[in-house]
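One file, coords.txt, is given below (compact mmCIF, C-alpha atoms).
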# COMPACT_ATOMS: atom_id res chain seq x y z
CA MET A 1 0.74 2.75 -15.23
CA ALA A 2 -1.35 -0.41 -14.98
CA VAL A 3 -0.20 -3.09 -12.55
CA LEU A 4 0.49 -6.14 -14.71
CA ARG A 5 -0.06 -9.17 -12.51
CA GLY A 6 -2.56 -11.68 -11.22
CA ILE A 7 -5.35 -13.53 -12.96
CA ILE A 8 -6.67 -11.88 -16.12
CA PRO A 9 -9.59 -13.64 -17.86
CA PRO A 10 -9.69 -13.46 -21.66
CA VAL A 11 -13.35 -12.50 -21.50
CA ILE A 12 -15.73 -14.50 -23.68
CA THR A 13 -17.80 -12.50 -26.17
CA PRO A 14 -21.49 -13.20 -25.51
CA MET A 15 -23.50 -13.49 -28.70
CA ASN A 16 -27.15 -13.47 -29.68
CA GLU A 17 -28.68 -16.19 -31.85
CA ASP A 18 -27.82 -14.19 -34.99
CA GLU A 19 -24.16 -14.08 -33.83
CA SER A 20 -24.27 -10.35 -33.06
CA VAL A 21 -22.57 -9.18 -29.85
CA ASN A 22 -24.82 -9.36 -26.79
CA GLU A 23 -23.75 -6.12 -25.09
CA ALA A 24 -26.00 -6.52 -22.06
CA GLU A 25 -24.56 -9.93 -21.19
CA LEU A 26 -21.03 -8.71 -21.89
CA ARG A 27 -21.56 -6.05 -19.23
CA ASN A 28 -22.91 -8.72 -16.89
CA GLN A 29 -19.81 -10.87 -17.43
CA VAL A 30 -17.52 -7.89 -16.77
CA ASN A 31 -19.18 -7.29 -13.40
CA ARG A 32 -19.33 -11.00 -12.54
CA LEU A 33 -15.59 -11.38 -13.11
CA ILE A 34 -14.59 -8.22 -11.28
CA GLU A 35 -16.79 -9.12 -8.31
CA ALA A 36 -15.02 -12.51 -8.20
CA GLY A 37 -11.72 -10.70 -7.63
CA VAL A 38 -9.92 -10.92 -10.98
CA HIS A 39 -6.97 -8.58 -11.49
CA GLY A 40 -7.69 -7.47 -15.06
CA LEU A 41 -9.88 -8.14 -18.09
CA PHE A 42 -8.78 -9.10 -21.59
CA PRO A 43 -11.53 -8.66 -24.20
CA PHE A 44 -11.29 -10.38 -27.59
CA GLY A 45 -8.43 -12.68 -26.76
CA THR A 46 -8.56 -16.26 -28.01
CA ASN A 47 -11.45 -17.07 -25.64
CA GLY A 48 -13.14 -13.87 -26.80
CA GLU A 49 -13.08 -15.17 -30.39
CA SER A 50 -10.80 -12.43 -31.66
CA TYR A 51 -10.03 -14.57 -34.70
CA ILE A 52 -13.62 -14.21 -35.96
CA LEU A 53 -14.59 -10.68 -34.90
CA ASN A 54 -14.25 -7.88 -37.43
CA GLU A 55 -12.61 -4.57 -36.55
CA LYS A 56 -15.90 -2.77 -35.91
CA GLU A 57 -16.97 -5.53 -33.52
CA LYS A 58 -13.64 -5.39 -31.71
CA GLU A 59 -14.08 -1.66 -31.20
CA GLN A 60 -17.63 -2.32 -29.95
CA VAL A 61 -16.53 -5.00 -27.48
CA LEU A 62 -13.59 -3.01 -26.18
CA SER A 63 -15.70 0.13 -25.72
CA VAL A 64 -18.29 -1.79 -23.70
CA VAL A 65 -15.68 -3.49 -21.51
CA ILE A 66 -13.80 -0.26 -20.79
CA GLU A 67 -17.01 1.62 -20.00
CA GLU A 68 -18.38 -1.11 -17.72
CA THR A 69 -15.05 -1.72 -16.00
CA ALA A 70 -14.85 1.97 -15.14
CA GLY A 71 -11.23 1.76 -14.03
CA ARG A 72 -11.78 -0.96 -11.42
CA VAL A 73 -9.16 -3.23 -13.02
CA PRO A 74 -6.81 -2.80 -16.01
CA VAL A 75 -8.22 -3.64 -19.44
CA TYR A 76 -5.93 -5.52 -21.83
CA ALA A 77 -6.77 -5.23 -25.54
CA GLY A 78 -5.70 -7.74 -28.16
CA SER A 79 -4.49 -5.65 -31.08
CA GLY A 80 -2.30 -8.01 -33.09
CA CYS A 81 -2.85 -8.44 -36.83
CA ILE A 82 -0.86 -10.16 -39.55
CA GLY A 83 0.65 -6.91 -40.82
CA THR A 84 2.60 -4.29 -38.89
CA LYS A 85 0.60 -1.40 -40.33
CA ASP A 86 -2.73 -2.98 -39.33
CA THR A 87 -1.39 -3.87 -35.88
CA ILE A 88 -0.35 -0.25 -35.31
CA ARG A 89 -3.78 0.97 -36.41
CA MET A 90 -5.60 -1.44 -34.07
CA SER A 91 -3.20 -0.66 -31.23
CA GLN A 92 -3.79 3.08 -31.59
CA MET A 93 -7.54 2.49 -31.73
CA ALA A 94 -7.40 0.52 -28.47
CA GLU A 95 -5.25 3.18 -26.83
CA SER A 96 -7.63 5.94 -27.93
CA LEU A 97 -10.60 4.09 -26.41
CA GLY A 98 -8.84 3.90 -23.05
CA ALA A 99 -7.26 0.43 -22.95
CA ASP A 100 -4.58 0.15 -20.28
CA VAL A 101 -2.43 -2.57 -21.89
CA LEU A 102 -2.00 -4.10 -25.35
CA SER A 103 -1.64 -7.84 -25.90
CA VAL A 104 -0.01 -8.29 -29.30
CA ILE A 105 -0.10 -11.78 -30.75
CA THR A 106 2.57 -12.78 -33.27
CA PRO A 107 1.69 -12.43 -36.96
CA TRP A 108 0.32 -15.63 -38.47
CA PHE A 109 0.00 -17.59 -41.73
CA ALA A 110 3.38 -16.52 -43.15
CA LYS A 111 6.59 -17.59 -41.39
CA ALA A 112 8.50 -14.69 -39.82
CA SER A 113 12.15 -14.56 -38.82
CA ASP A 114 13.32 -13.28 -35.45
CA ASP A 115 14.54 -10.07 -37.07
CA GLU A 116 11.17 -9.55 -38.76
CA LEU A 117 9.32 -10.14 -35.49
CA TYR A 118 11.69 -7.81 -33.65
CA ASP A 119 11.07 -4.99 -36.14
CA HIS A 120 7.31 -5.66 -36.05
CA TYR A 121 7.05 -5.34 -32.27
CA ARG A 122 9.50 -2.44 -32.08
CA GLN A 123 7.42 -0.41 -34.52
CA VAL A 124 4.18 -1.20 -32.69
CA ALA A 125 5.67 -0.26 -29.30
CA LYS A 126 6.98 3.01 -30.74
CA ALA A 127 3.52 3.94 -32.06
CA VAL A 128 1.75 3.85 -28.67
CA LYS A 129 2.31 5.03 -25.12
CA ILE A 130 0.68 2.18 -23.16
CA PRO A 131 2.44 -1.09 -22.22
CA VAL A 132 2.73 -3.87 -24.78
CA ILE A 133 2.56 -7.53 -23.75
CA LEU A 134 4.00 -9.98 -26.29
CA TYR A 135 1.75 -12.99 -26.97
CA ASN A 136 3.35 -16.31 -27.87
CA ILE A 137 0.94 -19.01 -29.08
CA PRO A 138 2.79 -20.91 -31.82
CA ALA A 139 0.22 -23.71 -32.17
CA ARG A 140 -2.29 -21.14 -33.43
CA THR A 141 -0.03 -18.74 -35.36
CA GLY A 142 2.87 -20.83 -36.64
CA ASN A 143 5.33 -18.23 -35.32
CA SER A 144 7.24 -18.51 -32.04
CA LEU A 145 8.85 -15.91 -29.82
CA SER A 146 12.15 -17.51 -28.86
CA PRO A 147 13.66 -16.75 -25.46
CA ALA A 148 16.52 -14.92 -27.18
CA LEU A 149 14.06 -12.74 -29.09
CA VAL A 150 12.02 -11.97 -25.97
CA GLU A 151 15.26 -10.94 -24.26
CA ARG A 152 15.96 -8.48 -27.10
CA LEU A 153 12.41 -7.17 -27.08
CA SER A 154 12.43 -6.68 -23.30
CA GLU A 155 14.87 -3.82 -23.86
CA VAL A 156 12.43 -1.97 -26.14
CA GLU A 157 10.59 0.92 -24.50
CA ASN A 158 6.88 0.13 -23.83
CA ILE A 159 7.35 -3.64 -24.17
CA GLU A 160 6.65 -4.64 -20.59
CA GLY A 161 5.99 -8.38 -20.66
CA VAL A 162 5.09 -11.59 -22.43
CA LYS A 163 2.27 -14.10 -22.29
CA ASP A 164 3.38 -17.65 -23.08
CA SER A 165 0.69 -20.02 -24.38
CA SER A 166 3.13 -22.53 -25.85
CA GLY A 167 2.43 -25.03 -23.05
CA ASN A 168 6.19 -25.59 -22.87
CA PHE A 169 7.17 -24.80 -19.29
CA ASP A 170 10.87 -24.69 -20.12
CA ASN A 171 10.16 -21.99 -22.69
CA MET A 172 8.43 -19.91 -20.01
CA LEU A 173 11.32 -20.55 -17.60
CA GLN A 174 13.75 -19.25 -20.21
CA TYR A 175 11.64 -16.11 -20.64
CA LEU A 176 12.00 -15.55 -16.90
CA GLU A 177 15.73 -16.26 -16.92
CA LYS A 178 16.46 -14.07 -19.94
CA THR A 179 14.50 -11.05 -18.70
CA ARG A 180 15.30 -11.18 -14.99
CA LYS A 181 17.95 -8.49 -15.30
CA LYS A 182 15.28 -5.98 -16.33
CA GLY A 183 13.53 -6.57 -13.01
CA ASP A 184 10.04 -5.36 -13.84
CA PHE A 185 9.46 -7.40 -17.02
CA VAL A 186 6.25 -9.41 -16.65
CA VAL A 187 5.91 -13.10 -17.60
CA LEU A 188 2.35 -14.44 -17.64
CA SER A 189 1.25 -18.01 -18.24
CA GLY A 190 -1.25 -18.48 -21.04
CA ASN A 191 -1.68 -22.10 -20.01
CA ASP A 192 -4.06 -22.38 -17.07
CA SER A 193 -2.33 -25.51 -15.76
CA LEU A 194 0.98 -23.69 -15.29
CA ILE A 195 -0.07 -20.61 -13.31
CA TYR A 196 1.05 -21.94 -9.92
CA TRP A 197 4.36 -23.08 -11.41
CA ASN A 198 4.79 -19.72 -13.13
CA LEU A 199 4.45 -18.01 -9.76
CA LEU A 200 6.89 -20.40 -8.10
CA ALA A 201 9.44 -19.62 -10.79
CA GLY A 202 9.09 -15.88 -10.26
CA GLY A 203 6.37 -15.11 -12.82
CA ASN A 204 3.41 -12.81 -12.40
CA GLY A 205 0.26 -14.89 -12.91
CA GLY A 206 -1.74 -15.81 -15.95
CA ILE A 207 -4.24 -14.89 -18.63
CA ALA A 208 -6.62 -17.71 -17.80
CA GLY A 209 -9.48 -18.91 -19.99
CA CYS A 210 -10.84 -21.11 -17.21
CA ALA A 211 -11.43 -17.95 -15.15
CA ASN A 212 -14.53 -17.39 -17.30
CA VAL A 213 -15.95 -20.54 -15.68
CA TYR A 214 -14.28 -20.47 -12.26
CA PRO A 215 -13.18 -16.88 -11.59
CA GLU A 216 -12.96 -17.23 -7.80
CA THR A 217 -11.05 -20.52 -7.98
CA MET A 218 -8.56 -19.20 -10.53
CA THR A 219 -8.07 -15.96 -8.61
CA ALA A 220 -7.39 -18.02 -5.48
CA ILE A 221 -4.28 -19.51 -7.09
CA TYR A 222 -2.69 -16.07 -7.15
CA GLU A 223 -4.15 -14.66 -3.95
CA ARG A 224 -3.23 -17.68 -1.84
CA PHE A 225 0.26 -17.79 -3.33
CA MET A 226 0.86 -14.11 -2.57
CA ALA A 227 -0.41 -14.67 0.98
CA GLY A 228 2.15 -17.45 1.48
CA ASP A 229 -0.41 -20.27 1.39
CA LEU A 230 1.41 -22.41 -1.15
CA GLU A 231 -0.57 -25.55 -0.35
CA GLY A 232 -3.85 -23.69 -0.81
CA ALA A 233 -2.65 -22.21 -4.09
CA LYS A 234 -1.63 -25.66 -5.31
CA ARG A 235 -5.06 -27.09 -4.36
CA ALA A 236 -6.77 -24.35 -6.36
CA GLN A 237 -4.47 -25.05 -9.31
CA ASP A 238 -5.10 -28.80 -9.18
CA SER A 239 -8.86 -28.36 -8.90
CA ILE A 240 -9.27 -27.20 -12.51
CA ARG A 241 -7.79 -30.41 -13.94
CA SER A 242 -11.16 -32.15 -14.35
CA PHE A 243 -12.53 -29.23 -16.35
CA ARG A 244 -9.43 -28.92 -18.51
CA ASP A 245 -9.74 -32.64 -19.28
CA CYS A 246 -12.94 -31.73 -21.16
CA PHE A 247 -10.86 -29.86 -23.73
CA ARG A 248 -10.28 -33.13 -25.56
CA PHE A 249 -13.85 -32.90 -26.84
CA GLY A 250 -13.37 -29.75 -28.89
CA ASN A 251 -11.88 -26.32 -29.36
CA PRO A 252 -10.94 -25.13 -25.82
CA ASN A 253 -12.69 -21.78 -26.13
CA THR A 254 -15.81 -23.55 -27.40
CA ILE A 255 -15.69 -25.75 -24.29
CA VAL A 256 -15.25 -22.69 -22.05
CA LYS A 257 -18.12 -20.74 -23.59
CA THR A 258 -20.40 -23.78 -23.49
CA ALA A 259 -19.59 -24.28 -19.81
CA VAL A 260 -20.42 -20.64 -19.00
CA ALA A 261 -23.76 -21.07 -20.78
CA MET A 262 -24.42 -24.23 -18.75
CA LEU A 263 -23.86 -22.19 -15.59
CA GLY A 264 -26.93 -20.21 -16.59
CA TYR A 265 -25.51 -17.19 -18.38
CA PRO A 266 -26.99 -16.34 -21.82
CA VAL A 267 -23.64 -16.06 -23.60
CA GLY A 268 -24.72 -18.01 -26.70
CA LYS A 269 -22.53 -20.25 -28.80
CA CYS A 270 -19.19 -19.59 -30.41
CA ARG A 271 -19.49 -18.21 -33.91
CA ALA A 272 -19.78 -20.84 -36.63
CA PRO A 273 -18.14 -23.05 -37.66
CA PHE A 274 -16.38 -23.33 -34.28
CA ASN A 275 -19.51 -24.12 -32.27
CA GLN A 276 -19.93 -27.90 -32.08
CA ILE A 277 -19.22 -30.34 -29.27
CA PRO A 278 -20.16 -34.04 -29.54
CA PRO A 279 -22.86 -35.39 -27.19
CA GLN A 280 -20.29 -37.18 -25.04
CA GLY A 281 -18.47 -33.88 -24.62
CA ILE A 282 -21.64 -32.11 -23.49
CA GLU A 283 -22.27 -34.86 -20.95
CA ALA A 284 -18.69 -34.67 -19.70
CA ILE A 285 -18.91 -30.89 -19.19
CA LYS A 286 -22.23 -31.22 -17.34
CA ARG A 287 -20.81 -33.93 -15.10
CA VAL A 288 -17.67 -31.95 -14.27
CA LEU A 289 -19.65 -28.77 -13.56
CA ASP A 290 -21.96 -30.68 -11.23
CA GLU A 291 -19.06 -32.37 -9.42
CA ASN A 292 -17.15 -29.12 -9.03
CA ARG A 293 -20.27 -27.31 -7.81
CA GLU A 294 -20.52 -29.88 -5.03
CA LEU A 295 -16.89 -29.10 -4.16
CA GLY A 296 -17.74 -25.41 -3.86
CA MET A 297 -15.85 -24.29 -6.95
CA LYS A 298 -17.04 -21.09 -8.57

As structure tokens, please, write out the structure in this file.
Amino acid sequence: MAVLRGIIPPVITPMNEDESVNEAELRNQVNRLIEAGVHGLFPFGTNGESYILNEKEKEQVLSVVIEETAGRVPVYAGSGCIGTKDTIRMSQMAESLGADVLSVITPWFAKASDDELYDHYRQVAKAVKIPVILYNIPARTGNSLSPALVERLSEVENIEGVKDSSGNFDNMLQYLEKTRKKGDFVVLSGNDSLIYWNLLAGGNGGIAGCANVYPETMTAIYERFMAGDLEGAKRAQDSIRSFRDCFRFGNPNTIVKTAVAMLGYPVGKCRAPFNQIPPQGIEAIKRVLDENRELGMK
């Protein structure tokens, strides 16, 4: 059973100029992140551009990540689709390739009731043997996992946790409160600014996009906290504010991938049309990267 905790980067998907997957650089990023001390890897999450990869590409990316990781850390696979049948198929594919954990985003486009979402996740969890992490990101999907629904789902076999990317800290607190009786149910922050606060409240860490840029800094939030160095953990948390302020210039995962490229890694651009940042945004990212480099962030 994979240990579900810590800092898990949603790994960016490096691409060549023709927008094909750059497998060699993907392997390089896997090793870079693991060597920085991350506690897991999450290919084709939001920062991995899951929304624009086809199923064959997802299988390609996941296969490369699992092979290169070679069991050093758990591999989380995003397997959520709009339909239950498709989600089961993708989940079983990920399990067959050797993924350790599934991250299952809510269905999107059409509005779903709590009962519909409950049945969706229950059927997916029943179809696989590896842990399922619920993924709440209502701003992107239009569907929310309410605290009451997460409480119900926490009782379903194989559903072992939830990632909350709502940005609403009270929502994450309610997840913790509602599932505390289960004891081992995992609550992860999907908002990089709330990881320290998640840990203080009894959570388990975060799936952190900024860890693609600053893997050692992001990992330090968790490691220092677990070592009892709360002030050090808080400093690491606060240090990413200047970079997150750059998100106002564009799609956050476009900002993250651009920053990784500016660090000297040939990861390419995000797939069109989500690949543009205005000149003032480029300058802001460069300035922040330079300032943070002087501060020793990496």

Would you tabulate, counting only C-alpha atoms, all residues of segment 87-123 of chain A that have an atom at most 10 Å from an atom of segment 135-142 of chain A, showing the closest pair of atoms and their distance in Å to one decimal, sorted by chain then ascending number, as a tab-separated table?
residue	atom	partner	partner_atom	distance
A:Leu102	CA	A:Tyr135	CA	9.8
A:Ser103	CA	A:Tyr135	CA	6.3
A:Val104	CA	A:Tyr135	CA	5.5
A:Ile105	CA	A:Tyr135	CA	4.4
A:Thr106	CA	A:Tyr135	CA	6.4
A:Pro107	CA	A:Thr141	CA	6.7
A:Trp108	CA	A:Thr141	CA	4.4
A:Phe109	CA	A:Thr141	CA	6.5
A:Ala110	CA	A:Gly142	CA	7.8
A:Lys111	CA	A:Gly142	CA	6.8
A:Ala112	CA	A:Gly142	CA	8.9

For the selection you just gave me, I'd like the residues written to a file as a PDB file, keeping the file's coordinate frame, keeping C-alpha atoms.
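See part.pdb below for the written result:
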ATOM      1  CA  LEU A 102      -2.000  -4.100 -25.350  1.00  0.00           C
ATOM      2  CA  SER A 103      -1.640  -7.840 -25.900  1.00  0.00           C
ATOM      3  CA  VAL A 104      -0.010  -8.290 -29.300  1.00  0.00           C
ATOM      4  CA  ILE A 105      -0.100 -11.780 -30.750  1.00  0.00           C
ATOM      5  CA  THR A 106       2.570 -12.780 -33.270  1.00  0.00           C
ATOM      6  CA  PRO A 107       1.690 -12.430 -36.960  1.00  0.00           C
ATOM      7  CA  TRP A 108       0.320 -15.630 -38.470  1.00  0.00           C
ATOM      8  CA  PHE A 109       0.000 -17.590 -41.730  1.00  0.00           C
ATOM      9  CA  ALA A 110       3.380 -16.520 -43.150  1.00  0.00           C
ATOM     10  CA  LYS A 111       6.590 -17.590 -41.390  1.00  0.00           C
ATOM     11  CA  ALA A 112       8.500 -14.690 -39.820  1.00  0.00           C
TER      12      ALA A 112
END

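Near Gly183 of chain A, within 12 Å and counting all atoms listed in the file, sit A:Ser154, A:Glu155, A:Glu160, A:Gly161, A:Leu176, A:Glu177, A:Lys178, A:Gly202, A:Gly203, A:Asn204; same-chain residues fewer than 5 positions away were not included.
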
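The space separating atom CA of Glu59 of chain A from atom CA of Gly268 of chain A comes to 20.0 Å.
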
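Coordinates place atom CA of Val156 of chain A at a distance of 12.2 Å from atom CA of Ala127 of chain A.
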
Fewer than 5 positions away in the same chain doesn't count, so skip those; otherwise give me all residues within 12 Å of Gly80 of chain A, counting all atoms listed in the file, as a ChimeraX atom specification.
/A:44-46,50-51,55,58,85-94,102-108,120-121,124-125,132-136,141

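For the pair atom CA of Leu149 of chain A and atom CA of Gly167 of chain A, the separation is 18.0 Å.
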
If we count all atoms listed in the file and set the cut-off at 12 Å, which residues sit around segment 197-200 of chain A, ignoring sequence neighbours fewer than 6 positions away in its own chain? Please answer as a PDB file with C-alpha atoms, in the frame of the given file.
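Generated file (out23.pdb):
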ATOM      1  CA  ARG A   5      -0.060  -9.170 -12.510  1.00  0.00           C
ATOM      2  CA  GLY A   6      -2.560 -11.680 -11.220  1.00  0.00           C
ATOM      3  CA  ILE A   7      -5.350 -13.530 -12.960  1.00  0.00           C
ATOM      4  CA  LYS A 163       2.270 -14.100 -22.290  1.00  0.00           C
ATOM      5  CA  ASP A 164       3.380 -17.650 -23.080  1.00  0.00           C
ATOM      6  CA  SER A 165       0.690 -20.020 -24.380  1.00  0.00           C
ATOM      7  CA  GLY A 167       2.430 -25.030 -23.050  1.00  0.00           C
ATOM      8  CA  ASN A 168       6.190 -25.590 -22.870  1.00  0.00           C
ATOM      9  CA  PHE A 169       7.170 -24.800 -19.290  1.00  0.00           C
ATOM     10  CA  ASP A 170      10.870 -24.690 -20.120  1.00  0.00           C
ATOM     11  CA  ASN A 171      10.160 -21.990 -22.690  1.00  0.00           C
ATOM     12  CA  MET A 172       8.430 -19.910 -20.010  1.00  0.00           C
ATOM     13  CA  LEU A 173      11.320 -20.550 -17.600  1.00  0.00           C
ATOM     14  CA  GLN A 174      13.750 -19.250 -20.210  1.00  0.00           C
ATOM     15  CA  TYR A 175      11.640 -16.110 -20.640  1.00  0.00           C
ATOM     16  CA  LEU A 176      12.000 -15.550 -16.900  1.00  0.00           C
ATOM     17  CA  VAL A 186       6.250  -9.410 -16.650  1.00  0.00           C
ATOM     18  CA  VAL A 187       5.910 -13.100 -17.600  1.00  0.00           C
ATOM     19  CA  LEU A 188       2.350 -14.440 -17.640  1.00  0.00           C
ATOM     20  CA  SER A 189       1.250 -18.010 -18.240  1.00  0.00           C
ATOM     21  CA  GLY A 190      -1.250 -18.480 -21.040  1.00  0.00           C
ATOM     22  CA  ASN A 191      -1.680 -22.100 -20.010  1.00  0.00           C
ATOM     23  CA  GLY A 206      -1.740 -15.810 -15.950  1.00  0.00           C
ATOM     24  CA  ILE A 207      -4.240 -14.890 -18.630  1.00  0.00           C
ATOM     25  CA  ILE A 221      -4.280 -19.510  -7.090  1.00  0.00           C
ATOM     26  CA  TYR A 222      -2.690 -16.070  -7.150  1.00  0.00           C
ATOM     27  CA  GLU A 223      -4.150 -14.660  -3.950  1.00  0.00           C
ATOM     28  CA  ARG A 224      -3.230 -17.680  -1.840  1.00  0.00           C
ATOM     29  CA  PHE A 225       0.260 -17.790  -3.330  1.00  0.00           C
ATOM     30  CA  MET A 226       0.860 -14.110  -2.570  1.00  0.00           C
ATOM     31  CA  GLY A 228       2.150 -17.450   1.480  1.00  0.00           C
ATOM     32  CA  ASP A 229      -0.410 -20.270   1.390  1.00  0.00           C
ATOM     33  CA  LEU A 230       1.410 -22.410  -1.150  1.00  0.00           C
ATOM     34  CA  GLU A 231      -0.570 -25.550  -0.350  1.00  0.00           C
ATOM     35  CA  ALA A 233      -2.650 -22.210  -4.090  1.00  0.00           C
ATOM     36  CA  LYS A 234      -1.630 -25.660  -5.310  1.00  0.00           C
ATOM     37  CA  GLN A 237      -4.470 -25.050  -9.310  1.00  0.00           C
ATOM     38  CA  ASP A 238      -5.100 -28.800  -9.180  1.00  0.00           C
TER      39      ASP A 238
END

Nearest candidate to Asn47 of chain A (options A:Ala201, A:Cys210, A:Ala70, A:Val101; using only C-alpha atoms)
A:Cys210

Counting all atoms listed in the file, which residues come within 10 Å of (-10.9, 0.8, -17.4), with the point read in the file's coordinates, and could you list them as a list in words?
Ala2, Gly40, Leu41, Leu62, Ser63, Val65, Ile66, Glu67, Glu68, Thr69, Ala70, Gly71, Arg72, Val73, Pro74, Val75, Tyr76, Leu97, Gly98, Ala99 and Asp100 of chain A

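Proximity ranking of A:Asn212, A:Asn253, A:Thr13, A:Ser166 relative to Val61 of chain A places A:Thr13 first, based on only C-alpha atoms.
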
As lines of an AutoDock Vina configuration file, please: the centre and edge lengths in Å, to one decimal, of an axis-aligned box enclosing every listed atom of segment 52-69 of chain A with 4 Å added on each side.
center_x = -15.5
center_y = -6.3
center_z = -26.7
size_x = 13.8
size_y = 23.8
size_z = 29.4

Across A:Pro278, A:Pro147, A:Gly209, A:Pro43, the smallest distance to Gln60 of chain A, with only C-alpha atoms counted, is shown by A:Pro43

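Closest approach to Phe249 of chain A from the set A:Ala227, A:Ala220, A:Met262, A:Ile282 is made by A:Ile282, with distances taken over only C-alpha atoms.
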
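Between Phe42 of chain A and the residues A:Ile12, A:Val260, A:Val3, A:Leu145, the shortest atom-to-atom distance, using only C-alpha atoms, involves A:Ile12.
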
Considering all atoms listed in the file, return as a PyMOL selection string whatever protein or nucleic-acid residues lie within 9 Å of Ala211 of chain A, sequence-local ones (same chain, fewer than 5 positions apart) excluded.
chain A and resi 7-11+33+38+192+216-219

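Using all atoms listed in the file for every distance, the candidate list A:Lys286, A:His39, A:Glu151, A:Thr179 yields A:His39 as the residue closest to Ala208 of chain A.
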
Residues within 12 Å of Ser20 of chain A, all atoms listed in the file, excluding chain neighbours under 6 positions, as a list in words
Thr13, Pro14, Leu26, Ile52, Leu53, Asn54, Lys56, Glu57, Lys58, Gln60, Val61, Val267, Gly268, Lys269, Cys270, Arg271 and Ala272 of chain A

Write segment 234-247 of chain A as a PDB file, keeping the file's coordinate frame, completed to N, CA, C and O atoms.
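Output contents, as saved in part_16.pdb:
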ATOM      1  N   LYS A 234      -1.794 -24.433  -4.531  1.00  0.00           N
ATOM      2  CA  LYS A 234      -1.630 -25.660  -5.310  1.00  0.00           C
ATOM      3  C   LYS A 234      -2.965 -26.416  -5.403  1.00  0.00           C
ATOM      4  O   LYS A 234      -3.302 -26.973  -6.455  1.00  0.00           O
ATOM      5  N   ARG A 235      -3.745 -26.431  -4.321  1.00  0.00           N
ATOM      6  CA  ARG A 235      -5.060 -27.090  -4.360  1.00  0.00           C
ATOM      7  C   ARG A 235      -5.975 -26.407  -5.380  1.00  0.00           C
ATOM      8  O   ARG A 235      -6.685 -27.069  -6.134  1.00  0.00           O
ATOM      9  N   ALA A 236      -5.956 -25.080  -5.383  1.00  0.00           N
ATOM     10  CA  ALA A 236      -6.770 -24.350  -6.360  1.00  0.00           C
ATOM     11  C   ALA A 236      -6.315 -24.658  -7.776  1.00  0.00           C
ATOM     12  O   ALA A 236      -7.140 -24.857  -8.681  1.00  0.00           O
ATOM     13  N   GLN A 237      -5.005 -24.704  -7.984  1.00  0.00           N
ATOM     14  CA  GLN A 237      -4.470 -25.050  -9.310  1.00  0.00           C
ATOM     15  C   GLN A 237      -4.907 -26.451  -9.736  1.00  0.00           C
ATOM     16  O   GLN A 237      -5.404 -26.659 -10.840  1.00  0.00           O
ATOM     17  N   ASP A 238      -4.758 -27.420  -8.843  1.00  0.00           N
ATOM     18  CA  ASP A 238      -5.100 -28.800  -9.180  1.00  0.00           C
ATOM     19  C   ASP A 238      -6.589 -28.996  -9.431  1.00  0.00           C
ATOM     20  O   ASP A 238      -6.989 -29.887 -10.179  1.00  0.00           O
ATOM     21  N   SER A 239      -7.417 -28.148  -8.822  1.00  0.00           N
ATOM     22  CA  SER A 239      -8.860 -28.360  -8.900  1.00  0.00           C
ATOM     23  C   SER A 239      -9.437 -28.141 -10.288  1.00  0.00           C
ATOM     24  O   SER A 239     -10.542 -28.601 -10.575  1.00  0.00           O
ATOM     25  N   ILE A 240      -8.717 -27.448 -11.169  1.00  0.00           N
ATOM     26  CA  ILE A 240      -9.270 -27.200 -12.510  1.00  0.00           C
ATOM     27  C   ILE A 240      -8.935 -28.310 -13.495  1.00  0.00           C
ATOM     28  O   ILE A 240      -9.345 -28.272 -14.642  1.00  0.00           O
ATOM     29  N   ARG A 241      -8.208 -29.337 -13.037  1.00  0.00           N
ATOM     30  CA  ARG A 241      -7.790 -30.410 -13.940  1.00  0.00           C
ATOM     31  C   ARG A 241      -8.990 -31.105 -14.582  1.00  0.00           C
ATOM     32  O   ARG A 241      -8.994 -31.373 -15.788  1.00  0.00           O
ATOM     33  N   SER A 242     -10.021 -31.405 -13.795  1.00  0.00           N
ATOM     34  CA  SER A 242     -11.160 -32.150 -14.350  1.00  0.00           C
ATOM     35  C   SER A 242     -11.837 -31.354 -15.453  1.00  0.00           C
ATOM     36  O   SER A 242     -12.278 -31.932 -16.459  1.00  0.00           O
ATOM     37  N   PHE A 243     -11.921 -30.035 -15.287  1.00  0.00           N
ATOM     38  CA  PHE A 243     -12.530 -29.230 -16.350  1.00  0.00           C
ATOM     39  C   PHE A 243     -11.634 -29.165 -17.577  1.00  0.00           C
ATOM     40  O   PHE A 243     -12.096 -29.318 -18.709  1.00  0.00           O
ATOM     41  N   ARG A 244     -10.349 -28.977 -17.372  1.00  0.00           N
ATOM     42  CA  ARG A 244      -9.430 -28.920 -18.510  1.00  0.00           C
ATOM     43  C   ARG A 244      -9.400 -30.251 -19.276  1.00  0.00           C
ATOM     44  O   ARG A 244      -9.142 -30.270 -20.481  1.00  0.00           O
ATOM     45  N   ASP A 245      -9.681 -31.347 -18.592  1.00  0.00           N
ATOM     46  CA  ASP A 245      -9.740 -32.640 -19.280  1.00  0.00           C
ATOM     47  C   ASP A 245     -10.858 -32.670 -20.325  1.00  0.00           C
ATOM     48  O   ASP A 245     -10.819 -33.481 -21.258  1.00  0.00           O
ATOM     49  N   CYS A 246     -11.847 -31.797 -20.184  1.00  0.00           N
ATOM     50  CA  CYS A 246     -12.940 -31.730 -21.160  1.00  0.00           C
ATOM     51  C   CYS A 246     -12.495 -31.124 -22.492  1.00  0.00           C
ATOM     52  O   CYS A 246     -13.210 -31.228 -23.496  1.00  0.00           O
ATOM     53  N   PHE A 247     -11.324 -30.494 -22.498  1.00  0.00           N
ATOM     54  CA  PHE A 247     -10.860 -29.860 -23.730  1.00  0.00           C
ATOM     55  C   PHE A 247     -10.621 -30.863 -24.856  1.00  0.00           C
ATOM     56  O   PHE A 247     -10.552 -30.478 -26.017  1.00  0.00           O
TER      57      PHE A 247
END
